[in-house]
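Engineer: Please read through the structure below; I'll follow up with questions.
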Amino acid sequence: MYILLALIGACALGIAVHFAIGGRELRGVAVTPAIATAAAAVLYTGLQWLGVGEDSVWLWLTSILGSVVIAAAATVAIVVLRRRSDAAARAALGI
């Protein structure tokens, strides 16, 4: 059940990252928190399978902060790709 703490923390920080990164009009409001939550679940579960205990600070730092870094990188990539795609569409339409 401790995984819920990691997921809630990652989701909350994912919301903060959503508002910290520009280009919010180019992506959905739930994209960044969803990526952070999914990454936290994968990281937490993977570290548990590797034998890292719930009392280890590395489990919590990796699953929460690592997921936020992954979500921030993915969000920046989404914004860059969306801007590039929109510019190409505008150029193709002659706008």
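Residues in the structure tokens are named by chain (A, B, ... in the order shown) and by number from 1 within that chain; ligands are numbered from 1 in the order shown.
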Residues within 9 Å of Arg27 of chain A, please, as a ChimeraX atom specification. Count only C-alpha atoms; anything in the same chain fewer than 2 positions from it doesn't count.

Structural biologist: /A:23-25,29-32,75,78-79,82

Engineer: Near Ala72 of chain A, counting only C-alpha atoms, which residues have an atom at most 12 Å away, once you skip same-chain residues fewer than 2 positions from it, shown as a ChimeraX atom specification?

Structural biologist: /A:10,13-22,31-36,39,65-70,74-79

Engineer: Where in chain A does DSSP assign alpha helix (DSSP H), given as a PyMOL selection string?

Structural biologist: chain A and resi 3-20+31-49+57-60+66-93

Engineer: Can you list, as a list in words, every protein, DNA or RNA residue that comes within 10 Å of Trp60 of chain A when you count only C-alpha atoms, leaving out same-chain residues fewer than 3 positions away?

Structural biologist: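 Near Trp60 of chain A, the qualifying residues are Tyr2, Ile3, Leu5, Ala6, Gly9, Ala40, Leu43, Tyr44, Leu47, Gly53, Glu54, Asp55, Ser56, Val57, Ser63, Ile64, Leu65 and Gly66 of chain A.
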